[in-house]
file input_31.pdb (PDB, C-alpha atoms, pLDDT in the B column)
MODEL        1
ATOM      1  CA  MET A   1     -55.920  72.569  65.538  1.00 93.00           C
ATOM      2  CA  LYS A   2     -59.064  74.078  67.004  1.00 96.00           C
ATOM      3  CA  VAL A   3     -61.652  71.535  68.124  1.00 98.00           C
ATOM      4  CA  ILE A   4     -65.050  72.716  69.330  1.00 97.00           C
ATOM      5  CA  ALA A   5     -67.305  70.438  71.381  1.00 98.00           C
ATOM      6  CA  VAL A   6     -71.039  70.978  70.994  1.00 97.00           C
ATOM      7  CA  ILE A   7     -73.699  69.474  73.250  1.00 96.00           C
ATOM      8  CA  PRO A   8     -77.135  69.599  71.578  1.00 94.00           C
ATOM      9  CA  ALA A   9     -79.851  70.029  74.213  1.00 91.00           C
ATOM     10  CA  ARG A  10     -83.521  69.940  73.252  1.00 86.00           C
ATOM     11  CA  TYR A  11     -86.241  70.548  75.818  1.00 83.00           C
ATOM     12  CA  LYS A  12     -89.077  68.695  74.082  1.00 79.00           C
ATOM     13  CA  SER A  13     -87.963  65.079  74.135  1.00 73.00           C
ATOM     14  CA  THR A  14     -90.749  62.631  73.311  1.00 66.00           C
ATOM     15  CA  ARG A  15     -89.725  60.153  76.021  1.00 69.00           C
ATOM     16  CA  PHE A  16     -88.488  62.600  78.660  1.00 74.00           C
ATOM     17  CA  GLU A  17     -89.500  66.248  78.293  1.00 77.00           C
ATOM     18  CA  GLY A  18     -87.134  68.724  79.917  1.00 80.00           C
ATOM     19  CA  LYS A  19     -84.415  66.096  80.172  1.00 86.00           C
ATOM     20  CA  PRO A  20     -81.421  68.497  80.075  1.00 90.00           C
ATOM     21  CA  LEU A  21     -82.759  70.203  83.213  1.00 91.00           C
ATOM     22  CA  ALA A  22     -83.428  66.993  85.164  1.00 88.00           C
ATOM     23  CA  ASP A  23     -81.990  67.221  88.664  1.00 90.00           C
ATOM     24  CA  ILE A  24     -78.961  65.061  89.426  1.00 90.00           C
ATOM     25  CA  CYS A  25     -77.704  65.513  92.976  1.00 89.00           C
ATOM     26  CA  GLY A  26     -78.618  69.196  93.052  1.00 89.00           C
ATOM     27  CA  LYS A  27     -77.389  70.128  89.560  1.00 92.00           C
ATOM     28  CA  PRO A  28     -79.160  69.962  86.174  1.00 94.00           C
ATOM     29  CA  MET A  29     -78.073  67.138  83.888  1.00 90.00           C
ATOM     30  CA  ILE A  30     -76.664  69.559  81.309  1.00 95.00           C
ATOM     31  CA  TRP A  31     -74.239  70.847  83.985  1.00 95.00           C
ATOM     32  CA  TRP A  32     -72.849  67.335  84.496  1.00 92.00           C
ATOM     33  CA  VAL A  33     -72.430  66.729  80.757  1.00 94.00           C
ATOM     34  CA  TYR A  34     -70.817  70.134  80.164  1.00 96.00           C
ATOM     35  CA  ASN A  35     -68.322  69.733  82.993  1.00 94.00           C
ATOM     36  CA  GLN A  36     -67.315  66.256  81.869  1.00 94.00           C
ATOM     37  CA  VAL A  37     -66.702  67.510  78.327  1.00 96.00           C
ATOM     38  CA  CYS A  38     -64.677  70.479  79.606  1.00 96.00           C
ATOM     39  CA  LYS A  39     -62.251  68.007  81.217  1.00 97.00           C
ATOM     40  CA  ALA A  40     -61.245  66.641  77.789  1.00 97.00           C
ATOM     41  CA  SER A  41     -57.766  68.030  77.142  1.00 96.00           C
ATOM     42  CA  LEU A  42     -58.057  68.047  73.327  1.00 97.00           C
ATOM     43  CA  ILE A  43     -61.168  70.233  73.278  1.00 97.00           C
ATOM     44  CA  SER A  44     -60.596  73.952  72.699  1.00 97.00           C
ATOM     45  CA  GLU A  45     -64.083  75.177  73.649  1.00 96.00           C
ATOM     46  CA  THR A  46     -67.338  73.609  74.786  1.00 97.00           C
ATOM     47  CA  TRP A  47     -70.805  74.918  73.901  1.00 97.00           C
ATOM     48  CA  VAL A  48     -74.363  73.871  74.608  1.00 97.00           C
ATOM     49  CA  ALA A  49     -76.651  74.285  71.570  1.00 96.00           C
ATOM     50  CA  THR A  50     -80.309  74.535  72.489  1.00 94.00           C
ATOM     51  CA  ASP A  51     -83.668  75.681  71.152  1.00 92.00           C
ATOM     52  CA  ASP A  52     -85.299  76.641  74.446  1.00 91.00           C
ATOM     53  CA  GLU A  53     -84.975  79.715  76.665  1.00 94.00           C
ATOM     54  CA  ARG A  54     -85.354  77.613  79.815  1.00 94.00           C
ATOM     55  CA  ILE A  55     -82.123  75.810  78.993  1.00 94.00           C
ATOM     56  CA  VAL A  56     -80.439  79.122  78.097  1.00 95.00           C
ATOM     57  CA  ASP A  57     -81.444  80.509  81.512  1.00 95.00           C
ATOM     58  CA  ILE A  58     -79.958  77.525  83.348  1.00 95.00           C
ATOM     59  CA  CYS A  59     -76.765  77.700  81.308  1.00 96.00           C
ATOM     60  CA  THR A  60     -76.444  81.394  82.162  1.00 96.00           C
ATOM     61  CA  GLU A  61     -76.985  80.633  85.840  1.00 96.00           C
ATOM     62  CA  TYR A  62     -74.190  78.036  85.834  1.00 95.00           C
ATOM     63  CA  ALA A  63     -71.803  80.006  83.563  1.00 96.00           C
ATOM     64  CA  ILE A  64     -72.125  77.459  80.735  1.00 96.00           C
ATOM     65  CA  ASN A  65     -71.325  78.578  77.182  1.00 97.00           C
ATOM     66  CA  CYS A  66     -74.639  78.421  75.360  1.00 96.00           C
ATOM     67  CA  ILE A  67     -75.897  79.292  71.899  1.00 96.00           C
ATOM     68  CA  MET A  68     -79.525  79.478  70.781  1.00 95.00           C
ATOM     69  CA  THR A  69     -80.313  77.552  67.608  1.00 94.00           C
ATOM     70  CA  CYS A  70     -83.350  77.119  65.382  1.00 89.00           C
ATOM     71  CA  PRO A  71     -86.179  75.060  66.921  1.00 88.00           C
ATOM     72  CA  GLU A  72     -86.985  73.530  63.518  1.00 87.00           C
ATOM     73  CA  HIS A  73     -83.904  71.286  63.366  1.00 90.00           C
ATOM     74  CA  GLN A  74     -84.842  67.614  63.095  1.00 88.00           C
ATOM     75  CA  THR A  75     -81.447  66.212  64.124  1.00 90.00           C
ATOM     76  CA  SER A  76     -78.534  67.046  66.393  1.00 91.00           C
ATOM     77  CA  THR A  77     -76.285  67.091  63.311  1.00 94.00           C
ATOM     78  CA  GLU A  78     -78.288  69.929  61.768  1.00 94.00           C
ATOM     79  CA  ARG A  79     -78.098  71.837  65.051  1.00 94.00           C
ATOM     80  CA  LEU A  80     -74.345  71.301  65.099  1.00 96.00           C
ATOM     81  CA  TYR A  81     -74.068  72.646  61.558  1.00 96.00           C
ATOM     82  CA  GLU A  82     -75.779  75.880  62.600  1.00 96.00           C
ATOM     83  CA  VAL A  83     -73.250  76.279  65.414  1.00 96.00           C
ATOM     84  CA  ALA A  84     -70.382  75.529  63.012  1.00 96.00           C
ATOM     85  CA  GLN A  85     -71.513  78.390  60.784  1.00 95.00           C
ATOM     86  CA  LYS A  86     -71.272  80.774  63.737  1.00 95.00           C
ATOM     87  CA  ILE A  87     -68.106  79.533  65.480  1.00 96.00           C
ATOM     88  CA  THR A  88     -65.009  78.869  63.386  1.00 95.00           C
ATOM     89  CA  ALA A  89     -63.013  75.694  64.099  1.00 97.00           C
ATOM     90  CA  ASP A  90     -61.130  72.933  62.307  1.00 97.00           C
ATOM     91  CA  LEU A  91     -63.270  70.128  63.744  1.00 98.00           C
ATOM     92  CA  TYR A  92     -66.572  69.908  65.573  1.00 98.00           C
ATOM     93  CA  VAL A  93     -67.345  67.204  68.127  1.00 98.00           C
ATOM     94  CA  CYS A  94     -70.947  66.335  68.938  1.00 96.00           C
ATOM     95  CA  ILE A  95     -71.629  64.865  72.393  1.00 94.00           C
ATOM     96  CA  ASN A  96     -75.138  63.781  73.308  1.00 88.00           C
ATOM     97  CA  GLY A  97     -76.684  65.954  76.009  1.00 85.00           C
ATOM     98  CA  ASP A  98     -77.980  62.904  77.867  1.00 85.00           C
ATOM     99  CA  GLU A  99     -74.545  61.482  78.792  1.00 87.00           C
ATOM    100  CA  PRO A 100     -73.794  62.901  82.279  1.00 89.00           C
ATOM    101  CA  LEU A 101     -71.260  60.114  82.918  1.00 88.00           C
ATOM    102  CA  ILE A 102     -69.293  60.579  79.684  1.00 90.00           C
ATOM    103  CA  GLU A 103     -65.568  60.124  80.297  1.00 92.00           C
ATOM    104  CA  PRO A 104     -63.168  62.845  79.049  1.00 94.00           C
ATOM    105  CA  ASP A 105     -60.829  60.178  77.638  1.00 94.00           C
ATOM    106  CA  LEU A 106     -63.612  58.979  75.327  1.00 93.00           C
ATOM    107  CA  ILE A 107     -64.005  62.480  73.940  1.00 96.00           C
ATOM    108  CA  ASN A 108     -60.250  62.761  73.402  1.00 97.00           C
ATOM    109  CA  ALA A 109     -60.328  59.425  71.551  1.00 96.00           C
ATOM    110  CA  ILE A 110     -62.406  60.851  68.708  1.00 97.00           C
ATOM    111  CA  VAL A 111     -59.951  63.690  67.972  1.00 97.00           C
ATOM    112  CA  PRO A 112     -57.366  62.741  65.293  1.00 95.00           C
ATOM    113  CA  LYS A 113     -53.699  63.381  66.003  1.00 92.00           C
ATOM    114  CA  GLU A 114     -53.455  65.552  62.896  1.00 92.00           C
ATOM    115  CA  LEU A 115     -55.924  67.543  60.870  1.00 91.00           C
ATOM    116  CA  PRO A 116     -57.438  65.249  58.180  1.00 90.00           C
ATOM    117  CA  ASP A 117     -56.090  65.677  54.637  1.00 87.00           C
ATOM    118  CA  SER A 118     -59.590  65.911  53.220  1.00 89.00           C
ATOM    119  CA  SER A 119     -62.022  68.743  53.926  1.00 94.00           C
ATOM    120  CA  PHE A 120     -64.662  66.010  54.326  1.00 96.00           C
ATOM    121  CA  PHE A 121     -64.193  63.948  57.487  1.00 97.00           C
ATOM    122  CA  VAL A 122     -66.562  62.110  59.812  1.00 98.00           C
ATOM    123  CA  SER A 123     -65.652  59.777  62.646  1.00 97.00           C
ATOM    124  CA  ASN A 124     -67.657  57.981  65.324  1.00 97.00           C
ATOM    125  CA  LEU A 125     -66.844  55.954  68.419  1.00 96.00           C
ATOM    126  CA  MET A 126     -68.043  52.390  68.913  1.00 96.00           C
ATOM    127  CA  THR A 127     -67.687  49.891  71.729  1.00 95.00           C
ATOM    128  CA  GLU A 128     -68.197  46.156  72.095  1.00 95.00           C
ATOM    129  CA  ILE A 129     -71.560  45.051  73.442  1.00 92.00           C
ATOM    130  CA  LYS A 130     -71.049  42.832  76.467  1.00 88.00           C
ATOM    131  CA  SER A 131     -74.667  42.151  77.448  1.00 86.00           C
ATOM    132  CA  PRO A 132     -77.322  40.223  75.460  1.00 86.00           C
ATOM    133  CA  VAL A 133     -79.874  42.741  76.738  1.00 86.00           C
ATOM    134  CA  GLU A 134     -77.908  45.567  75.119  1.00 84.00           C
ATOM    135  CA  ALA A 135     -77.743  43.662  71.844  1.00 86.00           C
ATOM    136  CA  LEU A 136     -81.533  43.285  71.803  1.00 89.00           C
ATOM    137  CA  ASP A 137     -82.218  46.898  72.797  1.00 87.00           C
ATOM    138  CA  CYS A 138     -83.224  48.871  69.679  1.00 89.00           C
ATOM    139  CA  SER A 139     -81.989  52.108  71.273  1.00 84.00           C
ATOM    140  CA  ASN A 140     -78.445  50.727  70.918  1.00 88.00           C
ATOM    141  CA  ILE A 141     -77.317  51.283  67.333  1.00 93.00           C
ATOM    142  CA  LYS A 142     -75.269  48.333  66.104  1.00 96.00           C
ATOM    143  CA  VAL A 143     -72.369  48.876  63.692  1.00 97.00           C
ATOM    144  CA  VAL A 144     -70.579  46.707  61.140  1.00 97.00           C
ATOM    145  CA  THR A 145     -67.356  47.913  59.511  1.00 97.00           C
ATOM    146  CA  ASP A 146     -65.104  47.110  56.588  1.00 96.00           C
ATOM    147  CA  MET A 147     -61.471  46.010  56.862  1.00 96.00           C
ATOM    148  CA  ASP A 148     -60.363  49.648  57.273  1.00 96.00           C
ATOM    149  CA  SER A 149     -62.775  50.350  60.148  1.00 97.00           C
ATOM    150  CA  ASN A 150     -65.155  52.384  58.003  1.00 98.00           C
ATOM    151  CA  ALA A 151     -68.836  51.880  58.752  1.00 98.00           C
ATOM    152  CA  LEU A 152     -70.633  49.597  56.295  1.00 97.00           C
ATOM    153  CA  PHE A 153     -74.025  49.814  57.969  1.00 97.00           C
ATOM    154  CA  MET A 154     -75.729  50.779  61.212  1.00 97.00           C
ATOM    155  CA  SER A 155     -78.929  49.235  62.489  1.00 97.00           C
ATOM    156  CA  ARG A 156     -81.182  49.006  65.504  1.00 95.00           C
ATOM    157  CA  GLY A 157     -81.339  45.302  64.738  1.00 94.00           C
ATOM    158  CA  MET A 158     -78.714  42.701  65.624  1.00 92.00           C
ATOM    159  CA  ILE A 159     -76.002  42.823  62.973  1.00 93.00           C
ATOM    160  CA  PRO A 160     -74.014  40.920  61.824  1.00 92.00           C
ATOM    161  CA  TYR A 161     -76.196  37.808  61.949  1.00 89.00           C
ATOM    162  CA  PRO A 162     -74.107  34.805  63.161  1.00 87.00           C
ATOM    163  CA  LYS A 163     -75.266  32.193  60.610  1.00 88.00           C
ATOM    164  CA  SER A 164     -71.952  30.491  59.834  1.00 90.00           C
ATOM    165  CA  SER A 165     -69.754  31.315  62.803  1.00 86.00           C
ATOM    166  CA  ILE A 166     -69.978  31.877  66.541  1.00 81.00           C
ATOM    167  CA  GLY A 167     -66.733  33.869  66.415  1.00 82.00           C
ATOM    168  CA  TYR A 168     -68.388  37.249  66.295  1.00 84.00           C
ATOM    169  CA  LYS A 169     -68.882  40.388  68.367  1.00 90.00           C
ATOM    170  CA  PHE A 170     -71.573  43.015  68.368  1.00 94.00           C
ATOM    171  CA  TYR A 171     -70.538  46.679  68.474  1.00 95.00           C
ATOM    172  CA  LYS A 172     -72.692  49.687  69.234  1.00 93.00           C
ATOM    173  CA  HIS A 173     -72.054  53.289  68.334  1.00 91.00           C
ATOM    174  CA  VAL A 174     -71.241  55.709  71.155  1.00 92.00           C
ATOM    175  CA  GLY A 175     -72.825  59.161  70.997  1.00 88.00           C
ATOM    176  CA  VAL A 176     -69.576  61.009  70.292  1.00 94.00           C
ATOM    177  CA  LEU A 177     -68.925  62.079  66.680  1.00 97.00           C
ATOM    178  CA  ILE A 178     -66.558  64.490  64.967  1.00 98.00           C
ATOM    179  CA  TYR A 179     -67.019  66.379  61.700  1.00 98.00           C
ATOM    180  CA  THR A 180     -65.423  68.947  59.442  1.00 97.00           C
ATOM    181  CA  LEU A 181     -67.584  71.854  58.304  1.00 97.00           C
ATOM    182  CA  ASP A 182     -67.871  70.336  54.810  1.00 97.00           C
ATOM    183  CA  ALA A 183     -69.212  67.098  56.263  1.00 97.00           C
ATOM    184  CA  LEU A 184     -71.828  68.978  58.276  1.00 97.00           C
ATOM    185  CA  LYS A 185     -72.826  70.963  55.191  1.00 97.00           C
ATOM    186  CA  PHE A 186     -73.167  67.745  53.188  1.00 97.00           C
ATOM    187  CA  PHE A 187     -75.497  66.324  55.839  1.00 97.00           C
ATOM    188  CA  SER A 188     -77.605  69.467  55.918  1.00 95.00           C
ATOM    189  CA  ASP A 189     -77.860  69.696  52.112  1.00 96.00           C
ATOM    190  CA  THR A 190     -78.578  66.000  51.519  1.00 96.00           C
ATOM    191  CA  PRO A 191     -82.048  64.440  51.889  1.00 95.00           C
ATOM    192  CA  LYS A 192     -82.689  61.333  53.943  1.00 94.00           C
ATOM    193  CA  GLY A 193     -82.102  58.051  52.179  1.00 95.00           C
ATOM    194  CA  TYR A 194     -84.271  54.938  52.150  1.00 97.00           C
ATOM    195  CA  ASN A 195     -82.528  53.213  55.066  1.00 97.00           C
ATOM    196  CA  GLU A 196     -82.293  56.331  57.221  1.00 96.00           C
ATOM    197  CA  GLU A 197     -86.048  56.783  56.873  1.00 96.00           C
ATOM    198  CA  ILE A 198     -86.586  53.212  58.074  1.00 97.00           C
ATOM    199  CA  GLU A 199     -83.974  52.977  60.856  1.00 96.00           C
ATOM    200  CA  ASP A 200     -84.054  56.617  62.030  1.00 94.00           C
ATOM    201  CA  ILE A 201     -80.243  56.735  62.299  1.00 95.00           C
ATOM    202  CA  ASN A 202     -78.649  60.028  61.215  1.00 94.00           C
ATOM    203  CA  GLU A 203     -75.308  58.509  60.263  1.00 97.00           C
ATOM    204  CA  LEU A 204     -76.903  56.429  57.513  1.00 97.00           C
ATOM    205  CA  ARG A 205     -77.208  59.620  55.484  1.00 97.00           C
ATOM    206  CA  PHE A 206     -73.459  59.555  54.942  1.00 97.00           C
ATOM    207  CA  ILE A 207     -73.232  55.807  54.339  1.00 97.00           C
ATOM    208  CA  GLU A 208     -76.143  55.678  51.875  1.00 97.00           C
ATOM    209  CA  HIS A 209     -74.545  58.426  49.793  1.00 96.00           C
ATOM    210  CA  GLY A 210     -71.137  56.758  49.640  1.00 96.00           C
ATOM    211  CA  LYS A 211     -69.395  58.849  52.309  1.00 97.00           C
ATOM    212  CA  LYS A 212     -67.026  57.191  54.776  1.00 96.00           C
ATOM    213  CA  ILE A 213     -67.428  57.237  58.545  1.00 97.00           C
ATOM    214  CA  LYS A 214     -64.240  56.201  60.329  1.00 97.00           C
ATOM    215  CA  MET A 215     -65.130  54.099  63.380  1.00 97.00           C
ATOM    216  CA  ILE A 216     -62.884  54.246  66.448  1.00 97.00           C
ATOM    217  CA  THR A 217     -63.131  51.331  68.876  1.00 96.00           C
ATOM    218  CA  VAL A 218     -63.062  52.261  72.560  1.00 95.00           C
ATOM    219  CA  ASN A 219     -63.833  50.559  75.836  1.00 92.00           C
ATOM    220  CA  ALA A 220     -66.861  52.493  77.010  1.00 85.00           C
ATOM    221  CA  ASN A 221     -69.426  51.844  79.697  1.00 79.00           C
ATOM    222  CA  THR A 222     -71.821  54.596  78.746  1.00 74.00           C
ATOM    223  CA  LEU A 223     -75.185  55.171  80.387  1.00 75.00           C
ATOM    224  CA  SER A 224     -77.405  57.604  78.533  1.00 77.00           C
ATOM    225  CA  VAL A 225     -80.584  59.028  80.029  1.00 79.00           C
ATOM    226  CA  ASP A 226     -83.487  58.228  77.722  1.00 76.00           C
ATOM    227  CA  THR A 227     -86.170  57.768  80.389  1.00 79.00           C
ATOM    228  CA  PRO A 228     -86.796  58.739  84.040  1.00 80.00           C
ATOM    229  CA  LYS A 229     -85.791  55.190  84.991  1.00 82.00           C
ATOM    230  CA  ASP A 230     -82.382  55.747  83.346  1.00 82.00           C
ATOM    231  CA  LEU A 231     -82.075  58.923  85.408  1.00 80.00           C
ATOM    232  CA  GLU A 232     -82.477  56.919  88.603  1.00 85.00           C
ATOM    233  CA  LYS A 233     -79.557  54.696  87.565  1.00 86.00           C
ATOM    234  CA  VAL A 234     -77.342  57.702  86.816  1.00 83.00           C
ATOM    235  CA  ILE A 235     -78.184  59.347  90.144  1.00 86.00           C
ATOM    236  CA  SER A 236     -77.254  56.127  91.939  1.00 86.00           C
ATOM    237  CA  VAL A 237     -73.879  55.969  90.153  1.00 85.00           C
ATOM    238  CA  ILE A 238     -73.072  59.621  90.841  1.00 85.00           C
ATOM    239  CA  GLU A 239     -74.084  59.360  94.490  1.00 82.00           C
ATOM    240  CA  HIS A 240     -71.794  56.378  94.892  1.00 82.00           C
ATOM    241  CA  LYS A 241     -68.933  58.024  92.953  1.00 76.00           C
ATOM    242  CA  TYR A 242     -69.003  61.463  94.532  1.00 71.00           C
TER     243      TYR A 242
ENDMDL
END
call {"tool": "encode", "arguments": {"input": "input_31.pdb", "output": "structure tokens"}}
result
Amino acid sequence: MKVIAVIPARYKSTRFEGKPLADICGKPMIWWVYNQVCKASLISETWVATDDERIVDICTEYAINCIMTCPEHQTSTERLYEVAQKITADLYVCINGDEPLIEPDLINAIVPKELPDSSFFVSNLMTEIKSPVEALDCSNIKVVTDMDSNALFMSRGMIPYPKSSIGYKFYKHVGVLIYTLDALKFFSDTPKGYNEEIEDINELRFIEHGKKIKMITVNANTLSVDTPKDLEKVISVIEHKY
């Protein structure tokens, strides 16, 4: 089973332009993400998918596998689909390019033990929210699932609402997803639905059109870099760790 990991890396982020090239202890952030992903034993190859020559140049300098993709893509999933049309594999894993502390074991957790029976397969990691601040943060996408661990809905709001019971937990999605080529094609060929337009959550495109997303629960303490302040936190952790 060939599993390709793809790290989408845009230069023009609205909250933090040039984020993939941000310096972390002498190395660009994309270097840290790439090297963490390469440690995952179930990944066959790792590629950075970008739309900017500045990121290509840095990847070349650090001997990082890199592929140029169309700058018109609106989502990381569309960028991944372009890569999937150029590099043949059984499964494609998408890892956010702003996760320099991503643990290899988390990436391995998304890879199924056997190739799925269906040509259409999507899976996503989720982890329990431990902090009330995280639950309130709209950048953390909350997930509710059915009895078979398939996603029922994802929201930037606090779901489920604890009206009748205090025996509940909030879960947030982790930026590690896996797809078959058919699933990526479906996403690319399908327009946004009503809820995706409102919430701005890519995965709702599958859910709104009746497609299943298998959720895998992991214990993850992720720290993504959305702002320069987040970068300061990551630098502090890496300085302490290394």
call {"tool": "closest_atom_pairs", "arguments": {"input": "input_31.pdb", "of": "segment 146-234 of chain A", "to": "segment 23-32 of chain A", "cutoff": "10 Å", "atoms": "all atoms listed in the file", "output": "Markdown table"}}
result
| residue | atom | partner | partner_atom | distance |
| --- | --- | --- | --- | --- |
| A:Val225 | CA | A:Met29 | CA | 9.3 |
| A:Leu231 | CA | A:Ile24 | CA | 8.0 |
| A:Glu232 | CA | A:Ile24 | CA | 8.9 |
| A:Val234 | CA | A:Ile24 | CA | 8.0 |
call {"tool": "closest_residue", "arguments": {"input": "input_31.pdb", "among": "A:Ser236, A:Asn202, A:Ser13, A:Asn108", "to": "Glu78 of chain A", "atoms": "only C-alpha atoms"}}
result
A:Asn202
call {"tool": "residues_around", "arguments": {"input": "input_31.pdb", "residues": "Leu184 of chain A", "least_positions_apart": "6", "cutoff": "9 Å", "atoms": "all atoms listed in the file", "output": "list in words"}}
result
Thr77, Glu78, Leu80, Tyr81, Ala84, Phe120 and Val122 of chain A
call {"tool": "closest_residue", "arguments": {"input": "input_31.pdb", "among": "A:Ser76, A:Thr127, A:Gln36, A:Thr227", "to": "Glu203 of chain A", "atoms": "only C-alpha atoms"}}
result
A:Ser76
call {"tool": "residues_around", "arguments": {"input": "input_31.pdb", "residues": "segment 136-142 of chain A", "least_positions_apart": "6", "cutoff": "6 Å", "atoms": "all atoms listed in the file", "output": "JSON, numbers by chain"}}
result
{"A": [154, 155, 156, 171, 172, 173]}
call {"tool": "closest_residue", "arguments": {"input": "input_31.pdb", "among": "A:Asn150, A:Thr88, A:Ser165, A:Asn35", "to": "Ile64 of chain A", "atoms": "only C-alpha atoms"}}
result
A:Asn35
call {"tool": "resolve_selection", "arguments": {"input": "input_31.pdb", "expression": "the PyMOL selection byres ((chain A and resi 42) around 12)", "output": "list of chain:residue names"}}
result
A:Met1, A:Lys2, A:Val3, A:Ile4, A:Ala5, A:Val37, A:Cys38, A:Lys39, A:Ala40, A:Ser41, A:Ile43, A:Ser44, A:Glu45, A:Thr46, A:Leu91, A:Tyr92, A:Val93, A:Pro104, A:Asp105, A:Leu106, A:Ile107, A:Asn108, A:Ala109, A:Ile110, A:Val111, A:Pro112, A:Lys113, A:Glu114
call {"tool": "axis_aligned_box", "arguments": {"input": "input_31.pdb", "around": "segment 232-235 of chain A", "padding_each_side": "5 Å", "output": "AutoDock Vina command-line options"}}
result
--center_x -79.9 --center_y 57.0 --center_z 88.5 --size_x 15.1 --size_y 14.7 --size_z 13.3
call {"tool": "closest_residue", "arguments": {"input": "input_31.pdb", "among": "A:Phe121, A:Phe187, A:Phe153, A:Tyr34", "to": "Ile207 of chain A", "atoms": "only C-alpha atoms"}}
result
A:Phe153
call {"tool": "residues_around", "arguments": {"input": "input_31.pdb", "residues": "Leu204 of chain A", "least_positions_apart": "5", "cutoff": "12 Å", "atoms": "only C-alpha atoms", "output": "list in words"}}
result
Ile141, Lys142, Val143, Ala151, Leu152, Phe153, Met154, Ser155, Arg156, Phe187, Thr190, Pro191, Lys192, Gly193, Tyr194, Asn195, Glu196, Glu197, Ile198, Glu199, His209, Gly210, Lys211, Lys212 and Ile213 of chain A
call {"tool": "resolve_selection", "arguments": {"input": "input_31.pdb", "expression": "the PyMOL selection byres ((chain A and resi 221) around 10)", "output": "PyMOL selection string"}}
result
chain A and resi 101-103+127-130+174+218-220+222-224
call {"tool": "residues_around", "arguments": {"input": "input_31.pdb", "residues": "Ala9 of chain A", "least_positions_apart": "3", "cutoff": "10 Å", "atoms": "all atoms listed in the file", "output": "mmCIF file with C-alpha atoms, in the frame of the given file"}}
result
data_model
loop_
_atom_site.group_PDB
_atom_site.id
_atom_site.type_symbol
_atom_site.label_atom_id
_atom_site.label_comp_id
_atom_site.auth_asym_id
_atom_site.auth_seq_id
_atom_site.Cartn_x
_atom_site.Cartn_y
_atom_site.Cartn_z
ATOM 1 C CA VAL A 6 -71.039 70.978 70.994
ATOM 2 C CA LYS A 12 -89.077 68.695 74.082
ATOM 3 C CA SER A 13 -87.963 65.079 74.135
ATOM 4 C CA GLY A 18 -87.134 68.724 79.917
ATOM 5 C CA LYS A 19 -84.415 66.096 80.172
ATOM 6 C CA PRO A 20 -81.421 68.497 80.075
ATOM 7 C CA LEU A 21 -82.759 70.203 83.213
ATOM 8 C CA ILE A 30 -76.664 69.559 81.309
ATOM 9 C CA VAL A 48 -74.363 73.871 74.608
ATOM 10 C CA ALA A 49 -76.651 74.285 71.570
ATOM 11 C CA THR A 50 -80.309 74.535 72.489
ATOM 12 C CA ASP A 51 -83.668 75.681 71.152
ATOM 13 C CA ASP A 52 -85.299 76.641 74.446
ATOM 14 C CA ILE A 55 -82.123 75.810 78.993
ATOM 15 C CA VAL A 56 -80.439 79.122 78.097
ATOM 16 C CA CYS A 66 -74.639 78.421 75.360
ATOM 17 C CA SER A 76 -78.534 67.046 66.393
ATOM 18 C CA ARG A 79 -78.098 71.837 65.051
ATOM 19 C CA ILE A 95 -71.629 64.865 72.393
ATOM 20 C CA ASN A 96 -75.138 63.781 73.308
ATOM 21 C CA GLY A 97 -76.684 65.954 76.009
ATOM 22 C CA ASP A 98 -77.980 62.904 77.867
#
call {"tool": "closest_residue", "arguments": {"input": "input_31.pdb", "among": "A:Val33, A:Asp90, A:Tyr242, A:Ala63", "to": "Leu115 of chain A", "atoms": "only C-alpha atoms"}}
result
A:Asp90
call {"tool": "closest_residue", "arguments": {"input": "input_31.pdb", "among": "A:Ile216, A:Ile238, A:Leu125, A:Val144", "to": "Met158 of chain A", "atoms": "all atoms listed in the file"}}
result
A:Val144
call {"tool": "atom_distance", "arguments": {"input": "input_31.pdb", "atom1": "atom CA of Thr180 of chain A", "atom2": "atom CA of Pro100 of chain A"}}
result
25.1 Å
call {"tool": "atom_distance", "arguments": {"input": "input_31.pdb", "atom1": "atom CA of Thr217 of chain A", "atom2": "atom CA of Val176 of chain A"}}
result
11.7 Å
call {"tool": "atom_distance", "arguments": {"input": "input_31.pdb", "atom1": "atom CA of Lys229 of chain A", "atom2": "atom CA of Lys169 of chain A"}}
result
28.0 Å
